[in-house]
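Chemist: I'd like to ask some things about the structure below.
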Amino acid sequence: MNNRTLAILKPDCVRKNLIGEVLTKITSAGFTIKAIKMVRLNKDSAGGFYEIHRDKPFFGSLLDYMTSGPCIPVVLEKENAVNDFRTLIGATDPAKAADGTIRKLFADSITQNIIHGSDSDENAAIEISHFFSRKELLENYGL
Ligand code: IDP
Ligand code: MG
């Protein structure tokens with residue numbers, strides 16, 4: 001499926017009361033919200049999600065951040081969803097993100113950078129299943 005990606009409105013996005021503004025940026029850019037909920041990650045689930053970064057020096061602070069409060073996983077649909085969404089959110093480090101991107105507009109630091117976006121179609125499918133079971137996608141969201 002090349003038309004879906006997983007976004008996460010990260011805990012700083014929720015804390016800063018930016019849920020509405022960020023979702024408006026996303027839908028204004030042509031994405032459709034297909035599934036959404038608020039969840040609190042624990043260290044195990046956040047560690048599983050970011051398994052690829054386990055050996056990085058920032059892994060501990062990444063887990064502290066991602067478990068610091070509720071976050072909002074969102075399944076988004078659009079043609080070329082993965083690449084277009086990465087463009088919309090901007091570079092990992094907000095200081096390096098292009099003008100008008102979500103991270104440039106709203107993020108404070110390279111760790112607390114407001115939002116996640118999948119980096120490939122394969123990872124989008126894996127990441128969607130991290131938050132939404134097949135049964136849930138079918139029964140709650142008609143996906
Ligand atoms: P991405 O979110 O733009 O795909 P990744 O390299 O996959 O960036 O890193 C995952 C998350 O880990 C980032 O969004 C950010 O929250 C955090 N992170 C990445 N690189 C650094 C770093 O160099 N220092 C601190 N935190 C980082
Ligand atoms: Mg990444």
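Residue numbering restarts at 1 for every chain of the structure tokens, chains are lettered A, B, ... in their displayed order, and ligands are numbered from 1 as they appear.
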So that I can check the surroundings of region 112-122 of chain A, please list as an MDAnalysis selection string every protein, DNA and RNA residue that reaches within 10 Å of it, counting only C-alpha atoms and ignoring chain neighbours fewer than 5 positions away.
Modeler: chainID A and resid 1:16 18:19 22 61:62 65:66 71:74 76 80:94 102:107 127:128
Chemist: Would you pick out the contacts of region 137-139 of chain A at 12 Å or less, using only C-alpha atoms, so that residues sharing its chain but fewer than 5 positions from it are not included, and give the list as a list in words?
Modeler: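 Close residues of region 137-139 of chain A: Lys34, Ala35, Ile36, Lys37, Val74, Val75, Ile128, Ser129, His130, Phe131 and Phe132 of chain A.
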Chemist: Out of chain A, which residues get strand (DSSP E) from DSSP, as an NGL selection string?
Modeler: :A and (4-9 or 32-36 or 72-77 or 115-117)
Chemist: Could you dump the residues just selected with C-alpha atoms as a compact mmCIF listing (two decimals), in the first residue's frame?
Modeler:
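Just written: selection_31.txt:
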```txt
# COMPACT_ATOMS: atom_id res chain seq x y z
CA ARG A 4 -0.60 5.39 3.68
CA THR A 5 1.79 6.61 6.34
CA LEU A 6 1.90 6.68 10.13
CA ALA A 7 2.17 10.02 11.90
CA ILE A 8 2.57 10.41 15.65
CA LEU A 9 1.75 13.71 17.31
CA THR A 32 -7.02 12.30 4.99
CA ILE A 33 -7.16 11.04 8.58
CA LYS A 34 -8.13 7.37 8.36
CA ALA A 35 -7.50 6.34 12.00
CA ILE A 36 -6.55 8.29 15.14
CA ILE A 72 -1.51 10.56 19.08
CA PRO A 73 -0.82 7.98 16.36
CA VAL A 74 -2.61 8.81 13.12
CA VAL A 75 -3.00 6.76 9.93
CA LEU A 76 -2.91 9.15 6.99
CA GLU A 77 -3.84 8.58 3.38
CA ILE A 115 5.88 14.78 15.10
CA HIS A 116 6.85 11.43 13.59
CA GLY A 117 6.45 10.28 9.99
```
Chemist: Closest to ligand 2 among A:Thr111, A:Ser28, A:Ser133, A:Thr101, using only C-alpha atoms and all ligand atoms?
Modeler: A:Thr111
Chemist: Which residue out of A:Ile52, A:Leu143, A:Ala29, A:Ala95 has the minimum interatomic distance to ligand 1 when only C-alpha atoms and all ligand atoms are used?
Modeler: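 Answer, going by the shortest atom-to-atom distance: A:Ile52.
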Chemist: With DSSP run on the backbone, what are the alpha helix (DSSP H) residues within chain A? I'd like them as a PyMOL selection string.
Modeler: chain A and resi 11-15+19-28+43-49+59-66+81-89+102-106+121-131+134-141
Chemist: Here is a test: counting only C-alpha atoms and all ligand atoms, which residue of A:Asp64, A:Glu79, A:Asp99, A:Glu51 is nearest to ligand 2?
Modeler: A:Glu51
Chemist: Can you work out the spacing between CA of Gly69 (chain A) and CA of Val39 (chain A) in Å, to one decimal?
Modeler: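 Going from CA of Gly69 (chain A) over to CA of Val39 (chain A), I get 8.6 Å.
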Chemist: One number please: atom 12 (O, counted along the ligand's line) of ligand 1 to CA of Asn17 (chain A), in Å, one decimal.
Modeler: 21.2 Å
Chemist: Atom 22 (C, counted along the ligand's line) of ligand 1 and CA of Gly20 (chain A) are how many Å apart?
Modeler: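 Distance between the two atoms: 26.6 Å.
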Chemist: Compare A:Lys56, A:Lys135, A:Ala124, A:Lys78 by their minimum atom-to-atom distance to ligand 1, counting only C-alpha atoms and all ligand atoms, and give me the closest one.
Modeler: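 For ligand 1, the nearest of the given residues is A:Lys56.
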